[in-house]
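Structure first, commentary second.
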Amino acid sequence: MTSITVNGGRCLKGDIFIQGSKNAALPMLAATLLNRGVTKLYGCPKITDVSRMLDILKSLGCDVSWENGCIRVDTSGASGHFVSEACAGQMRSTVFMMGAMLGRFGEVFIPYPGGCTIGKRPIDIHLDALRQMNVALVEDREGIYGCTKQILGTVIDLRYPSVGATENIILAAVTANGKTVINHAAKEPEIIDLCLLLNKMGADIHGMGTETIVIYGVEVLHDAEFTVSGDRIAASTYLAAAAVTCGNVCIFNVWEREIKSVLQVLAQMGCGIVIQNKRVRVIGPQMTFAVDQIHTRPFPGFPTDMQSQMMACLTMANGTSEIYEHVFEDRFKIAGELNKMGADITVDHQKATIRGIGQLHGAAVSACDLRGGAALVIAGLMAEGETTINNAFYVKRGYQDICGDLKFLGARIEERKAQVV
Ligand code: UD1
């Protein structure tokens with residue numbers, strides 16, 4: 001079992017290039033199946049979830065290589081329709097395989113998707129939409145089976161702008177018969193990235209980044225190359241860490257418009273912010289201020305994926321802050337671990353109240369999900385003494401090299417692998 005050890009008290013300083021986006025890379029890898037040839041993706045992050053996605057593609061007969069920062073997927077030999085439990089593991093993103101495999105093979109079986117335990121995470125919106133597109137679905141204890149003679153374009157009104165459901169519908173619609181309209185679609189930057197890749201492959205998608213996406217089905221896609229955008233959550237995590245360590249950090253490779261809601265909160269905490277093209281610098285104050293209220297919302301609102309890290313940041317702010325989690329119902333688990341480090345956080349349903357304290361202290365704590373793990377890393381950077389974060393594998397699901405990056409910025413941080421005896 002891997003752990004991360006942090007000795008707090010260092011100011012983070014320096015410039016850092018941000019890894020490619022996890023949430024953009026995963027549906028793009030599923031999208032490669034729709035091209036019966038070669039797709040090359042540059043800048044995919046080297047994280048566990050990407051490796052698992054590649055394993056799924058290999059298990060379907062795709063030829064996959066990952067050299068010099070480029071993932072090459074040749075799907076010409078792909079066949080079958082079955083994603084095994086062993087390949088799917090605990091990864092939520094298996095669900096994207098539904099749209100892509102139905103588009104390619106007209107048939108799919110996936111085990112129920114896993115992922116971080118941050119709430120119930122149903123997939124009813126995905127399934128309702130696929131049914132509307134002429135897919136027959138059967139659910140049993142093992143997973144979900146779907147088949148179709150021909151995916152048919154239609155008008156789909158989403159009851160909630162689910163990111164994954166929007167992506168799954170797009171994947172299914174690209175080679176469907178006719179026009180698909182998604183109303184109340186998710187507007188996350190990762191959706192734009194996916195559509196840009198698919199359009200480069202010959203798809204005909206319009207309106208991505210708005211709440212109405214229109215997809216005209218095409219017969220075939222063709223070979224393409226694409227570079228995955230920078231990860232806005234990794235960027236925001238490092239900027240937040242700079243904010244609370246009296247730091248001065250510049251991130252490269254992420255647009256300010258993609259992290260605007262996070263920067264607004266950091267400004268309220270007293271940070272200086274300098275923006276220049278795809279570079280954003282945050283300068284942390286001597287003492288941070290509390291923030292009255294943060295509400296997590298779909299993009300362009302404050303991202304739920306930054307909620308835990310911001311909670312850690314506010315533990316030592318001057319005053320009381322409130323965070324309201326509106327996206328996932330069970331995403332405050334990390335509060336208890338932060339309290340072990342001296343924080344004063346109370347949770348009442350979807351609301352967390354964080355009373356700023358003078359100083360956190362190091363402790364042995366455990367990550368219980370990916371972003372909660374990152375929050376504990378930030379808390380460790382702020383704390384006096386040594387913090388050990390157990391279950392660090394969660395963090396590796398989303399951050400390519402969090403220890404290396406923070407060390408480069410001046411932190412005292414190490415990854416430790418448990419000795420096998
Ligand atoms: C994606 C991101 C995740 C991020 C989330 C919200 C990826 C790989 N993951 O997850 O990092 O936290 O967006 O920005 O891109 N819901 C339903 N039924 C459904 C689908 C979703 O009720 O069929 C609910 C979920 O339980 C949740 C909310 O809708 O409460 C948001 O989920 P969704 O936007 O679908 O998130 P994911 O695609 O799972």
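Identifiers in this document derive from the order of the structure tokens: chains are assigned A, B, ..., residues are numbered from 1 separately in each chain, and ligands are numbered from 1 in order of occurrence.
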- Looking only at the backbone, which of the residues in stretch 344-386 of chain A does DSSP tag as helix (DSSP H, G or I), as a list in words?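 Answer for stretch 344-386 of chain A restricted to helix (DSSP H, G or I) is Leu370, Arg371, Gly372, Gly373, Ala374, Ala375, Leu376, Val377, Ile378, Ala379, Gly380, Leu381 and Met382 of chain A.
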- Query: How would you write, as a ChimeraX atom specification, the set of residues no farther than 8 Å from ligand 1 when counting only C-alpha atoms and all ligand atoms?
  - Reply: /A:22-24,26-27,92-93,119-127,160-165,186,188,190,297-299,303-305,326-329
Could you pull the residues within 12 Å of A:Ala88, counting only C-alpha atoms, minus those fewer than 6 positions along the same chain, as an mmCIF file with C-alpha atoms, in the first residue's frame?
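File written: around02.cif
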```cif
data_model
loop_
_atom_site.group_PDB
_atom_site.id
_atom_site.type_symbol
_atom_site.label_atom_id
_atom_site.label_comp_id
_atom_site.auth_asym_id
_atom_site.auth_seq_id
_atom_site.Cartn_x
_atom_site.Cartn_y
_atom_site.Cartn_z
ATOM 1 C CA THR A 48 -4.102 4.545 -13.300
ATOM 2 C CA ASP A 49 -7.461 5.273 -14.924
ATOM 3 C CA VAL A 50 -5.859 5.855 -18.335
ATOM 4 C CA SER A 51 -3.919 2.561 -18.044
ATOM 5 C CA ARG A 52 -7.167 0.748 -17.187
ATOM 6 C CA MET A 53 -8.902 2.272 -20.192
ATOM 7 C CA LEU A 54 -6.064 1.059 -22.411
ATOM 8 C CA ASP A 55 -6.446 -2.432 -20.919
ATOM 9 C CA ILE A 56 -10.108 -2.400 -21.927
ATOM 10 C CA LEU A 57 -9.211 -1.379 -25.486
ATOM 11 C CA SER A 59 -9.050 -6.700 -24.355
ATOM 12 C CA PHE A 82 -17.786 -7.539 -23.668
ATOM 13 C CA THR A 94 -16.223 2.135 -18.164
ATOM 14 C CA VAL A 95 -19.618 3.674 -18.750
ATOM 15 C CA PHE A 96 -18.304 5.606 -21.803
ATOM 16 C CA MET A 97 -17.655 2.297 -23.472
ATOM 17 C CA PHE A 109 -21.914 -5.521 -22.095
ATOM 18 C CA ILE A 110 -20.333 -3.631 -19.204
ATOM 19 C CA PRO A 111 -20.171 -4.482 -15.519
ATOM 20 C CA TYR A 112 -21.707 -1.787 -13.301
ATOM 21 C CA PRO A 113 -19.268 1.145 -13.257
ATOM 22 C CA GLY A 114 -17.310 1.764 -10.038
ATOM 23 C CA GLY A 115 -15.332 4.917 -9.288
ATOM 24 C CA GLY A 143 -24.038 -5.522 -15.377
#
```
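Considering the residues A:Asn7, A:Thr227, A:Gln359, A:Gln150 and counting only C-alpha atoms, A:Thr175 has its shortest atom-to-atom contact with A:Gln150.
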- Task: Go through A:Thr288, A:Thr346, A:Ser76, A:Asn391 and flag the residue nearest A:Gly358, using only C-alpha atoms for the distances.
- Result: A:Thr288
- Measuring atom to atom with only C-alpha atoms, identify which of A:Cys195, A:Leu409, A:Val377, A:Leu239 is nearest to A:Asp15. A:Leu409
- Query: So which residues touch A:Met311 within 12 Å, counting only C-alpha atoms, skipping near sequence neighbours fewer than 5 positions away, as a PyMOL selection string?
  - Reply: chain A and resi 237+240-241+244+265+290-291+293-296+304-306+316-317+320-325+331-339+343-347+351-356+371-372+374-376+378-379
- Task: Name the residues in contact with A:Gln132 at a cut-off of 12 Å, using only C-alpha atoms, excluding same-chain residues fewer than 6 positions from it; report them as a list in words.
- Result: Ile125, His126, Thr148, Ile151, Leu152, Gly153, Thr154, Val155, Ile156, Asp157, Leu158, Ile169, Ala172, Ala173, Thr180, Val181 and Ile182 of chain A
- Query: Could you pull the residues within 7 Å of A:Gly373, counting only C-alpha atoms, minus those fewer than 3 positions along the same chain, as a list of chain:residue names?
  - Reply: A:Ala367, A:Cys368, A:Asp369, A:Leu370, A:Leu376, A:Val377, A:Ala392, A:Tyr394, A:Val395
- Item | Residue neighbourhood A:Val6, 8 Å, only C-alpha atoms, exclusion window fewer than 3 positions, as number ranges by chain | A: 377, 380-381, 386-388, 411-414
Take the residues from that selection and put them in a file with N, CA, C and O atoms, as a CSV table (one decimal), in the first residue's frame.
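selection_4.csv, freshly written:
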```
chain,number,residue,atom,x,y,z
A,377,VAL,N,-3.2,16.2,1.0
A,377,VAL,CA,-1.9,16.6,0.7
A,377,VAL,C,-1.7,18.1,1.0
A,377,VAL,O,-0.8,18.6,1.6
A,380,GLY,N,-1.5,18.7,4.6
A,380,GLY,CA,-0.1,18.4,5.0
A,380,GLY,C,0.9,19.5,4.7
A,380,GLY,O,1.8,19.7,5.5
A,381,LEU,N,0.7,20.2,3.6
A,381,LEU,CA,1.6,21.3,3.3
A,381,LEU,C,1.5,22.4,4.2
A,381,LEU,O,2.4,23.2,4.5
A,386,GLU,N,4.8,16.3,10.6
A,386,GLU,CA,4.7,15.3,9.5
A,386,GLU,C,3.3,14.7,9.4
A,386,GLU,O,2.7,14.4,10.4
A,387,THR,N,2.8,14.7,8.2
A,387,THR,CA,1.5,14.1,7.9
A,387,THR,C,1.7,12.9,7.0
A,387,THR,O,2.5,12.9,6.0
A,388,THR,N,1.1,11.7,7.3
A,388,THR,CA,1.2,10.6,6.5
A,388,THR,C,-0.2,10.3,5.9
A,388,THR,O,-1.2,10.2,6.7
A,411,ALA,N,8.1,21.7,-1.9
A,411,ALA,CA,7.5,21.0,-0.8
A,411,ALA,C,8.4,19.9,-0.3
A,411,ALA,O,9.2,19.3,-1.1
A,412,ARG,N,8.3,19.5,1.0
A,412,ARG,CA,9.0,18.3,1.5
A,412,ARG,C,7.9,17.2,1.4
A,412,ARG,O,7.1,17.1,2.3
A,413,ILE,N,8.0,16.4,0.4
A,413,ILE,CA,6.9,15.4,0.2
A,413,ILE,C,7.5,14.1,-0.4
A,413,ILE,O,8.4,14.3,-1.3
A,414,GLU,N,7.1,13.0,0.0
A,414,GLU,CA,7.7,11.7,-0.5
A,414,GLU,C,6.5,10.7,-0.7
A,414,GLU,O,5.6,10.7,0.2
```
- Item | Distance of atom CA of A:Ala176 from atom CA of A:Met133, expressed in Å to one decimal place | 8.6 Å
Please return, as a PDB file with N, CA and C atoms, in the first residue's frame, all residues of stretch 7-138 of chain A that DSSP assigns to strand (DSSP E or B) on the basis of the backbone.
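So result.pdb came out as:
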```pdb
ATOM      1  N   ASN A   7       5.997  16.967   5.013  1.00  0.00           N
ATOM      2  CA  ASN A   7       6.403  17.806   6.143  1.00  0.00           C
ATOM      3  C   ASN A   7       6.061  19.238   5.783  1.00  0.00           C
ATOM      4  N   LYS A  13       6.901  27.643  -4.565  1.00  0.00           N
ATOM      5  CA  LYS A  13       7.322  28.675  -5.524  1.00  0.00           C
ATOM      6  C   LYS A  13       7.802  28.031  -6.815  1.00  0.00           C
ATOM      7  N   GLY A  14       7.413  28.616  -7.961  1.00  0.00           N
ATOM      8  CA  GLY A  14       7.938  28.143  -9.239  1.00  0.00           C
ATOM      9  C   GLY A  14       6.868  28.057 -10.316  1.00  0.00           C
ATOM     10  N   ASP A  15       7.305  27.592 -11.484  1.00  0.00           N
ATOM     11  CA  ASP A  15       6.422  27.468 -12.656  1.00  0.00           C
ATOM     12  C   ASP A  15       6.243  25.991 -12.954  1.00  0.00           C
ATOM     13  N   ILE A  16       5.037  25.606 -13.337  1.00  0.00           N
ATOM     14  CA  ILE A  16       4.835  24.179 -13.579  1.00  0.00           C
ATOM     15  C   ILE A  16       3.871  23.940 -14.740  1.00  0.00           C
ATOM     16  N   PHE A  17       4.250  23.002 -15.603  1.00  0.00           N
ATOM     17  CA  PHE A  17       3.426  22.619 -16.756  1.00  0.00           C
ATOM     18  C   PHE A  17       2.421  21.577 -16.271  1.00  0.00           C
ATOM     19  N   GLY A  20      -2.007  16.529 -18.898  1.00  0.00           N
ATOM     20  CA  GLY A  20      -3.248  16.479 -19.669  1.00  0.00           C
ATOM     21  C   GLY A  20      -4.423  16.086 -18.782  1.00  0.00           C
ATOM     22  N   VAL A  38      -6.481   4.239 -37.073  1.00  0.00           N
ATOM     23  CA  VAL A  38      -5.511   4.676 -36.060  1.00  0.00           C
ATOM     24  C   VAL A  38      -5.851   6.083 -35.551  1.00  0.00           C
ATOM     25  N   THR A  39      -5.885   6.227 -34.233  1.00  0.00           N
ATOM     26  CA  THR A  39      -6.042   7.549 -33.616  1.00  0.00           C
ATOM     27  C   THR A  39      -4.852   7.753 -32.687  1.00  0.00           C
ATOM     28  N   LYS A  40      -4.258   8.967 -32.773  1.00  0.00           N
ATOM     29  CA  LYS A  40      -3.126   9.260 -31.888  1.00  0.00           C
ATOM     30  C   LYS A  40      -3.512  10.379 -30.936  1.00  0.00           C
ATOM     31  N   LEU A  41      -3.297  10.144 -29.649  1.00  0.00           N
ATOM     32  CA  LEU A  41      -3.596  11.157 -28.636  1.00  0.00           C
ATOM     33  C   LEU A  41      -2.308  11.557 -27.933  1.00  0.00           C
ATOM     34  N   TYR A  42      -2.010  12.852 -27.968  1.00  0.00           N
ATOM     35  CA  TYR A  42      -0.825  13.370 -27.279  1.00  0.00           C
ATOM     36  C   TYR A  42      -1.261  13.959 -25.946  1.00  0.00           C
ATOM     37  N   ASP A  63      -4.877  -2.546 -30.996  1.00  0.00           N
ATOM     38  CA  ASP A  63      -3.427  -2.515 -30.867  1.00  0.00           C
ATOM     39  C   ASP A  63      -3.071  -1.157 -30.240  1.00  0.00           C
ATOM     40  N   VAL A  64      -2.480  -1.198 -29.037  1.00  0.00           N
ATOM     41  CA  VAL A  64      -2.269   0.031 -28.284  1.00  0.00           C
ATOM     42  C   VAL A  64      -0.791   0.201 -27.960  1.00  0.00           C
ATOM     43  N   SER A  65      -0.244   1.403 -28.191  1.00  0.00           N
ATOM     44  CA  SER A  65       1.112   1.678 -27.708  1.00  0.00           C
ATOM     45  C   SER A  65       1.130   3.064 -27.083  1.00  0.00           C
ATOM     46  N   TRP A  66       2.092   3.279 -26.176  1.00  0.00           N
ATOM     47  CA  TRP A  66       2.201   4.570 -25.476  1.00  0.00           C
ATOM     48  C   TRP A  66       3.675   4.925 -25.428  1.00  0.00           C
ATOM     49  N   GLU A  67       4.107   5.715 -26.426  1.00  0.00           N
ATOM     50  CA  GLU A  67       5.530   6.056 -26.522  1.00  0.00           C
ATOM     51  C   GLU A  67       5.714   7.540 -26.733  1.00  0.00           C
ATOM     52  N   CYS A  70       2.799   9.854 -26.618  1.00  0.00           N
ATOM     53  CA  CYS A  70       1.691   9.684 -27.584  1.00  0.00           C
ATOM     54  C   CYS A  70       1.055   8.304 -27.409  1.00  0.00           C
ATOM     55  N   ILE A  71      -0.246   8.291 -27.207  1.00  0.00           N
ATOM     56  CA  ILE A  71      -0.968   7.011 -27.203  1.00  0.00           C
ATOM     57  C   ILE A  71      -1.496   6.785 -28.613  1.00  0.00           C
ATOM     58  N   ARG A  72      -1.148   5.618 -29.179  1.00  0.00           N
ATOM     59  CA  ARG A  72      -1.602   5.260 -30.524  1.00  0.00           C
ATOM     60  C   ARG A  72      -2.548   4.078 -30.371  1.00  0.00           C
ATOM     61  N   VAL A  73      -3.773   4.251 -30.855  1.00  0.00           N
ATOM     62  CA  VAL A  73      -4.736   3.147 -30.776  1.00  0.00           C
ATOM     63  C   VAL A  73      -5.158   2.777 -32.193  1.00  0.00           C
ATOM     64  N   ASP A  74      -4.895   1.532 -32.551  1.00  0.00           N
ATOM     65  CA  ASP A  74      -5.333   1.018 -33.849  1.00  0.00           C
ATOM     66  C   ASP A  74      -6.475   0.044 -33.571  1.00  0.00           C
ATOM     67  N   PHE A  82     -17.750  -7.202 -25.091  1.00  0.00           N
ATOM     68  CA  PHE A  82     -17.786  -7.539 -23.668  1.00  0.00           C
ATOM     69  C   PHE A  82     -16.648  -6.857 -22.904  1.00  0.00           C
ATOM     70  N   GLU A 107     -23.511  -3.569 -30.103  1.00  0.00           N
ATOM     71  CA  GLU A 107     -23.746  -4.467 -28.974  1.00  0.00           C
ATOM     72  C   GLU A 107     -22.736  -4.164 -27.872  1.00  0.00           C
ATOM     73  N   VAL A 108     -23.143  -4.267 -26.624  1.00  0.00           N
ATOM     74  CA  VAL A 108     -22.218  -3.984 -25.527  1.00  0.00           C
ATOM     75  C   VAL A 108     -22.654  -4.696 -24.256  1.00  0.00           C
ATOM     76  N   PHE A 109     -21.644  -5.133 -23.492  1.00  0.00           N
ATOM     77  CA  PHE A 109     -21.914  -5.521 -22.095  1.00  0.00           C
ATOM     78  C   PHE A 109     -20.867  -4.850 -21.226  1.00  0.00           C
ATOM     79  N   ILE A 110     -21.309  -4.152 -20.184  1.00  0.00           N
ATOM     80  CA  ILE A 110     -20.333  -3.631 -19.204  1.00  0.00           C
ATOM     81  C   ILE A 110     -20.783  -4.012 -17.787  1.00  0.00           C
ATOM     82  N   PRO A 111     -19.815  -4.309 -16.919  1.00  0.00           N
ATOM     83  CA  PRO A 111     -20.171  -4.482 -15.519  1.00  0.00           C
ATOM     84  C   PRO A 111     -20.595  -3.117 -14.969  1.00  0.00           C
ATOM     85  N   ALA A 136     -31.790  -1.395 -27.111  1.00  0.00           N
ATOM     86  CA  ALA A 136     -32.483  -2.247 -26.137  1.00  0.00           C
ATOM     87  C   ALA A 136     -31.502  -2.561 -25.019  1.00  0.00           C
ATOM     88  N   LEU A 137     -31.927  -2.390 -23.788  1.00  0.00           N
ATOM     89  CA  LEU A 137     -31.015  -2.589 -22.645  1.00  0.00           C
ATOM     90  C   LEU A 137     -31.608  -3.584 -21.670  1.00  0.00           C
ATOM     91  N   VAL A 138     -30.738  -4.456 -21.153  1.00  0.00           N
ATOM     92  CA  VAL A 138     -31.166  -5.384 -20.111  1.00  0.00           C
ATOM     93  C   VAL A 138     -30.180  -5.268 -18.965  1.00  0.00           C
TER      94      VAL A 138
END
```
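Here atom CA of A:Arg397 stands at a distance of 9.2 Å from atom CA of A:Lys46.
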- Interatomic distance (Å, one decimal) between atom CA of A:Met1 and atom CA of A:Phe393: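 Atom CA of A:Phe393 lies 7.6 Å from atom CA of A:Met1.
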- Item | Of the listed residues A:Asp231, A:Glu415, A:Asp405, A:Glu167, that which approaches A:Ile213 most closely, counting only C-alpha atoms | A:Glu167
- Option closest in space to A:Val254, from A:Gly230, A:Gly362, A:Gly106, A:Gly342 [counting only C-alpha atoms]: A:Gly230
